[in-house]
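Reading through the structure tokens given below for one structure.
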Amino acid sequence: MTNEIVIRKDRLWDSIQALGEIGEVDGAMMRVTGSDADRRARDRVVGWFEAADMDVAVDAVGNIVARRVGRVDAPPVVTGSHIDTVPAGGKFDGTVGVLGPLEIVRAWNAANVETDRPLHVVVFTEEEGTRFGTGLLGSLVATERLQADKALALEDEDGVTLAEALRSIGYDGTAELGLADAAAFIEMHVEQGPILDRSDTAVGIVETVAGITHHRVTFEGEADHAGNTPMAMRRDAYVGAAEFALELERTARRHAETSNTVGTVGKSKVTPNGTNVIPGRVELGVDIRDTDDEHLHETVSSAREHARAIASKRELSHQWQSLLEVTPTELSPDISNRLVEAVQNCGHTYRRMLSGAGHDAMNVAAVAPAGMLFVPSRDGISHSPEEYTSPEDVYMGTRVLEAALRELTRSG
Ligand SMILES: [Zn+2]
């Protein structure tokens, strides 16, 4: 006999707060893969899953899977996210996508809900790439886009391998997540942008995850005395870099009229970096994203062309090194439509949108039908102690996720 399913806002919020105490220093979260805080957070979450009658297993790279059985032996419906953080991160990034599903299982248990398909909740290792330098690491391995051996051999700055780090916290397992067999995958996550918050919308249904490219662009001129070198006799690398940043903004804005283009100079290293010295060398960290692959490549090639033209006009030398290229990912339209139905049944507001940030769901999308659900980030802030999603917003997102998972775990 199934009773009414009640998602308990207080219990959900208490779990988020309790997990948020692990690895917290002065309000900032520091839960890096393989750290003591990571171990304690994993132990806490595993304890909660087990207390909710789930069977918990760990794979070779420390990904955790908690399984709730179904009535029939059919491919599972999978949900989940991550609990590692960036240095000085927040309590919601990743966490809501793990503890929302935990609350759903608790609510289903309380209401004696039996699903046809099993429900699996996964917790991916090293999503942020903070310690071992590769983001989305756990899901890359779980979807066989990266070999476990290669991942386990990755080293942190002190030469400690992922294998050693996981062994030291007791999360080196042998299970298989079997994501390729999943009937569906949904990740709930905080938006990490301002769109939902500004438009007072309860949930975002993500249809596309933007492609991401990173580049190191270096301009080299000549370091000279700022007092004794006349303006006409300078080869100032900084003004070249500055001109490039402005050109990138113009190019990205132009492409953004017809696509979801964003371009950012997020990092600069000035050498020698003295107030009374003309900069001889500037190294820029450039991030260009787009949901459309063709636009992405066009923006990158016009930025390259501008860098070349600016360097030659200013008699600078320049170098362009591409460091990262992730192509845009279409999520499953079928899962998006299921999420729209779920949100309409719950009576909450929603919008279809894109994700400018990478998520584990984009790796899963390569092997199974995958979707994503965003909940609002206050003022769009994330990767910061200021990151906040209200109890009401987490609750609404979890209700929508519950409704979608309940439909998807019905077989046939
Ligand atoms: Zn995240």
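A note on labels: chains of the structure tokens are A, B, ... as shown, every chain counts residues from 1, and ligands are counted from 1 in their shown order.
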Legend entry - DSSP alpha helix (DSSP H) selection over stretch 167-289 of chain A, as a ChimeraX atom specification: /A:167-169,195-198,237-256
Legend entry - Spatial neighbours of A:Glu243, 10 Å, only C-alpha atoms, chain gap at least 4 places, as a list of chain:residue names: A:Tyr238, A:Val239, A:Glu247, A:Leu248, A:Glu249, A:His306, A:Ala307, A:Ile310, A:Ala311
With N, CA and C atoms retained, export the selected residues as a PDB file, in the first residue's frame.
```
ATOM      1  N   TYR A 238      51.831  44.438 -22.453  1.00  0.00           N
ATOM      2  CA  TYR A 238      50.551  44.565 -21.745  1.00  0.00           C
ATOM      3  C   TYR A 238      49.485  45.242 -22.594  1.00  0.00           C
ATOM      4  N   VAL A 239      49.843  46.314 -23.298  1.00  0.00           N
ATOM      5  CA  VAL A 239      48.817  46.994 -24.103  1.00  0.00           C
ATOM      6  C   VAL A 239      48.361  46.102 -25.259  1.00  0.00           C
ATOM      7  N   GLU A 247      39.225  43.019 -28.069  1.00  0.00           N
ATOM      8  CA  GLU A 247      38.802  42.388 -29.327  1.00  0.00           C
ATOM      9  C   GLU A 247      38.019  41.109 -29.060  1.00  0.00           C
ATOM     10  N   LEU A 248      38.470  40.340 -28.069  1.00  0.00           N
ATOM     11  CA  LEU A 248      37.770  39.097 -27.735  1.00  0.00           C
ATOM     12  C   LEU A 248      36.357  39.418 -27.260  1.00  0.00           C
ATOM     13  N   GLU A 249      36.236  40.451 -26.450  1.00  0.00           N
ATOM     14  CA  GLU A 249      34.911  40.841 -25.968  1.00  0.00           C
ATOM     15  C   GLU A 249      33.998  41.222 -27.137  1.00  0.00           C
ATOM     16  N   HIS A 306      42.967  37.908 -34.431  1.00  0.00           N
ATOM     17  CA  HIS A 306      43.181  39.197 -33.759  1.00  0.00           C
ATOM     18  C   HIS A 306      44.499  39.212 -32.996  1.00  0.00           C
ATOM     19  N   ALA A 307      44.791  38.121 -32.315  1.00  0.00           N
ATOM     20  CA  ALA A 307      46.050  38.060 -31.547  1.00  0.00           C
ATOM     21  C   ALA A 307      47.241  38.263 -32.494  1.00  0.00           C
ATOM     22  N   ILE A 310      47.280  41.991 -33.837  1.00  0.00           N
ATOM     23  CA  ILE A 310      47.683  42.939 -32.786  1.00  0.00           C
ATOM     24  C   ILE A 310      49.183  42.826 -32.530  1.00  0.00           C
ATOM     25  N   ALA A 311      49.668  41.586 -32.465  1.00  0.00           N
ATOM     26  CA  ALA A 311      51.098  41.376 -32.227  1.00  0.00           C
ATOM     27  C   ALA A 311      51.927  41.994 -33.345  1.00  0.00           C
TER      28      ALA A 311
END
```
Inset, instruction - Within 9 Å of ligand 1, which residues show up when you count only C-alpha atoms and all ligand atoms? List them as a list in words, please. - result: Ser81, His82, Ile83, Asp84, Thr85, Phe92, Asp93, Gly94, Thr95, Gly97, Glu127, Glu128, His189, Val190, Gln192, Ala357, Gly358, His359, Asp360 and His383 of chain A
Inset, instruction - Could you give me, as a list in words, the residues within 7 Å of stretch 41-53 of chain A, counting only C-alpha atoms and dropping anything in the same chain fewer than 3 positions from it? - result: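 Non-adjacent residues within range: Leu19, Ile22, Ala37, Asp38, Val56, Ala66, Leu102, Val105 and Arg106 of chain A.
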Since we have the selection now, will you write its residues out, keeping N, CA and C atoms, as a tab-separated table (two decimals), in the first residue's frame?
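Output below, filename out37.tsv:
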```tsv
chain	number	residue	atom	x	y	z
A	19	LEU	N	26.09	18.04	6.06
A	19	LEU	CA	27.21	17.72	5.18
A	19	LEU	C	28.10	18.96	5.02
A	22	ILE	N	31.17	19.48	7.19
A	22	ILE	CA	32.38	18.67	6.99
A	22	ILE	C	33.30	19.33	5.98
A	37	ALA	N	38.54	15.40	5.05
A	37	ALA	CA	37.17	15.92	4.94
A	37	ALA	C	36.38	15.12	3.90
A	38	ASP	N	37.03	14.75	2.81
A	38	ASP	CA	36.38	13.96	1.77
A	38	ASP	C	35.96	12.61	2.37
A	56	VAL	N	25.28	-0.10	-1.00
A	56	VAL	CA	26.29	0.86	-1.46
A	56	VAL	C	27.54	0.14	-1.96
A	66	ALA	N	24.75	4.02	-4.78
A	66	ALA	CA	23.80	3.51	-3.79
A	66	ALA	C	22.58	3.01	-4.56
A	102	LEU	N	18.74	11.52	-2.04
A	102	LEU	CA	18.65	10.84	-0.74
A	102	LEU	C	17.29	11.12	-0.10
A	105	VAL	N	14.59	9.10	-1.78
A	105	VAL	CA	14.56	7.70	-1.31
A	105	VAL	C	13.92	7.61	0.07
A	106	ARG	N	14.28	8.55	0.94
A	106	ARG	CA	13.67	8.55	2.28
A	106	ARG	C	12.16	8.70	2.19
```
Inset, instruction - Tell me, as a ChimeraX atom specification, which residues lie within 9 Å of stretch 195-207 of chain A, counting only C-alpha atoms; anything in the same chain fewer than 4 positions away does not count. - result: /A:191,329-333,336-337,339-340,343,348-355,371-380,393,396-397,400
Legend entry - In stretch 132-218 of chain A, DSSP strand (DSSP E) residues written as a VMD selection string: chain A and resid 184 to 190 203 to 209 211 to 218
Inset, instruction - Could you tell me how far atom CA of A:Gly100 lies from atom CA of A:Val113, in Å and to one decimal? - result: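 We find that atom CA of A:Gly100 and atom CA of A:Val113 lie 16.7 Å from each other.
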Legend entry - Contact residues around A:Ala165 with only C-alpha atoms at 8 Å, ignoring same-chain residues under 6 positions, as number ranges by chain: A: 33-35
Inset, instruction - Work out how far apart atom CA of A:Asp158 and atom CA of A:Ala28 are and give it in Å to one decimal. - result: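 Taking atom CA of A:Asp158 and atom CA of A:Ala28, their separation equals 23.3 Å.
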Legend entry - Top pick for closest residue to A:Gly89, considering A:Val265, A:Val25, A:Ala60, A:Ala309 and counting only C-alpha atoms: A:Val25
Inset, instruction - Between A:Arg304, A:Leu140, A:His295, A:Ala183, single out the one closest to A:Glu257, counting only C-alpha atoms. - result: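 Nearest candidate to A:Glu257 out of A:Arg304, A:Leu140, A:His295, A:Ala183: A:His295.
Checking A:Val77, A:Val86, A:His225, A:Val122 one by one against A:Met29, counting only C-alpha atoms, you find the shortest gap at A:Val86.
Using only C-alpha atoms, the protein and nucleic acid residues lying no more than 12 Å from A:Asp10, apart from those fewer than 4 places from it along its own chain, are Val6, Asp14, Ser15, Ile16, Gln17, Ala18, Gly100, Glu103, Ser390, Pro391, Glu392, Val394 and Tyr395 of chain A.
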Just N, CA, C and O atoms for this one: save the residues we selected as a compact mmCIF listing (two decimals), in the first residue's frame.
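New file selection-v1.txt:
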```txt
# COMPACT_ATOMS: atom_id res chain seq x y z
N VAL A 6 5.89 12.40 0.60
CA VAL A 6 6.15 13.73 1.15
C VAL A 6 7.65 14.01 1.16
O VAL A 6 8.41 13.38 1.90
N ASP A 14 18.33 20.00 6.56
CA ASP A 14 19.21 19.57 7.65
C ASP A 14 20.37 18.72 7.12
O ASP A 14 21.50 18.84 7.59
N SER A 15 20.08 17.87 6.15
CA SER A 15 21.14 17.03 5.58
C SER A 15 22.18 17.89 4.87
O SER A 15 23.39 17.67 5.00
N ILE A 16 21.71 18.89 4.11
CA ILE A 16 22.64 19.78 3.40
C ILE A 16 23.52 20.52 4.42
O ILE A 16 24.73 20.64 4.24
N GLN A 17 22.89 21.00 5.49
CA GLN A 17 23.66 21.72 6.51
C GLN A 17 24.66 20.80 7.21
O GLN A 17 25.79 21.18 7.48
N ALA A 18 24.21 19.56 7.50
CA ALA A 18 25.09 18.62 8.20
C ALA A 18 26.31 18.27 7.34
O ALA A 18 27.44 18.25 7.82
N GLY A 100 19.40 15.65 -2.58
CA GLY A 100 18.03 15.67 -3.10
C GLY A 100 17.55 14.23 -3.34
O GLY A 100 16.51 13.81 -2.81
N GLU A 103 16.86 12.40 -0.16
CA GLU A 103 15.56 12.75 0.41
C GLU A 103 14.43 12.04 -0.34
O GLU A 103 13.44 11.60 0.26
N SER A 390 18.09 28.63 -1.60
CA SER A 390 17.20 28.64 -0.44
C SER A 390 16.58 27.26 -0.20
O SER A 390 16.49 26.45 -1.11
N PRO A 391 16.14 27.01 1.04
CA PRO A 391 15.48 25.73 1.34
C PRO A 391 14.30 25.48 0.41
O PRO A 391 14.09 24.37 -0.07
N GLU A 392 13.56 26.55 0.10
CA GLU A 392 12.40 26.42 -0.78
C GLU A 392 12.82 26.01 -2.19
O GLU A 392 12.18 25.16 -2.82
N VAL A 394 15.63 24.43 -3.11
CA VAL A 394 16.14 23.05 -3.11
C VAL A 394 14.94 22.09 -3.07
O VAL A 394 14.91 21.07 -3.76
N TYR A 395 13.97 22.46 -2.26
CA TYR A 395 12.77 21.64 -2.12
C TYR A 395 12.02 21.50 -3.45
O TYR A 395 11.63 20.41 -3.87
```
Legend entry - Neighbour list for stretch 258-263 of chain A as a list in words, cut-off 8 Å, only C-alpha atoms, skip fewer than 4 positions in-chain: Leu248, Glu249, Ala252, Arg253, Arg254, Val286, Asp287, Ile288, Arg289, Asp290, Thr291, Asp292, His295 and Leu296 of chain A
Residue selection dump (N, CA and C atoms) as a compact mmCIF listing (two decimals), in the first residue's frame:
```
# COMPACT_ATOMS: atom_id res chain seq x y z
N LEU A 248 38.47 40.34 -28.07
CA LEU A 248 37.77 39.10 -27.74
C LEU A 248 36.36 39.42 -27.26
N GLU A 249 36.24 40.45 -26.45
CA GLU A 249 34.91 40.84 -25.97
C GLU A 249 34.00 41.22 -27.14
N ALA A 252 33.09 38.03 -29.15
CA ALA A 252 32.15 37.18 -28.43
C ALA A 252 30.76 37.83 -28.40
N ARG A 253 30.72 39.15 -28.22
CA ARG A 253 29.44 39.84 -28.21
C ARG A 253 28.75 39.73 -29.58
N ARG A 254 29.54 39.82 -30.64
CA ARG A 254 28.96 39.73 -31.97
C ARG A 254 28.38 38.32 -32.20
N VAL A 286 42.68 32.24 -21.50
CA VAL A 286 41.49 32.61 -22.25
C VAL A 286 40.49 31.45 -22.28
N ASP A 287 39.23 31.77 -22.01
CA ASP A 287 38.17 30.77 -21.95
C ASP A 287 37.09 31.18 -22.96
N ILE A 288 36.81 30.31 -23.92
CA ILE A 288 35.78 30.60 -24.92
C ILE A 288 34.80 29.43 -24.95
N ARG A 289 33.50 29.74 -24.83
CA ARG A 289 32.47 28.68 -24.79
C ARG A 289 31.32 28.99 -25.74
N ASP A 290 30.66 27.92 -26.15
CA ASP A 290 29.49 28.07 -27.02
C ASP A 290 28.71 26.77 -27.04
N THR A 291 27.41 26.85 -27.23
CA THR A 291 26.62 25.62 -27.36
C THR A 291 26.66 25.10 -28.79
N ASP A 292 27.13 25.95 -29.71
CA ASP A 292 27.18 25.57 -31.11
C ASP A 292 28.65 25.41 -31.53
N HIS A 295 30.03 27.88 -34.25
CA HIS A 295 30.27 29.22 -33.69
C HIS A 295 31.49 29.23 -32.78
N LEU A 296 31.63 28.15 -32.01
CA LEU A 296 32.76 28.05 -31.10
C LEU A 296 34.08 28.13 -31.88
```
Inset, instruction - Quick one: pull the distance between atom CA of A:Ala241 and atom CA of A:Leu284, Å, one decimal. - result: 7.5 Å
Legend entry - Closest of A:Gly173, A:Gly138, A:Gln344, A:Gly193 to A:Ser382 - atom-to-atom distances counting only C-alpha atoms: A:Gly193
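The shortest atom-to-atom distance to A:Thr130, with only C-alpha atoms taken into account, belongs to A:Met30 out of A:Ile104, A:Leu323, A:Leu12, A:Met30.
Shortest atom-to-atom contact with A:Glu387 among A:Pro194, A:Gly129, A:Gly23, A:Gly170: A:Pro194, counting only C-alpha atoms.
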Can you build me a table of stretch 65-112 of chain A residues sitting at most 12 Å from stretch 365-370 of chain A, with the closest atom pair per residue and its distance in Å to one decimal, using only C-alpha atoms, sorted by chain and residue number, as a Markdown table?
```
| residue | atom | partner | partner_atom | distance |
| --- | --- | --- | --- | --- |
| A:Pro75 | CA | A:Ala368 | CA | 10.9 |
| A:Pro76 | CA | A:Ala368 | CA | 11.1 |
| A:Val77 | CA | A:Pro369 | CA | 10.0 |
| A:Val78 | CA | A:Ala370 | CA | 9.2 |
| A:Thr79 | CA | A:Ala370 | CA | 9.4 |
| A:Gly80 | CA | A:Ala370 | CA | 11.4 |
```
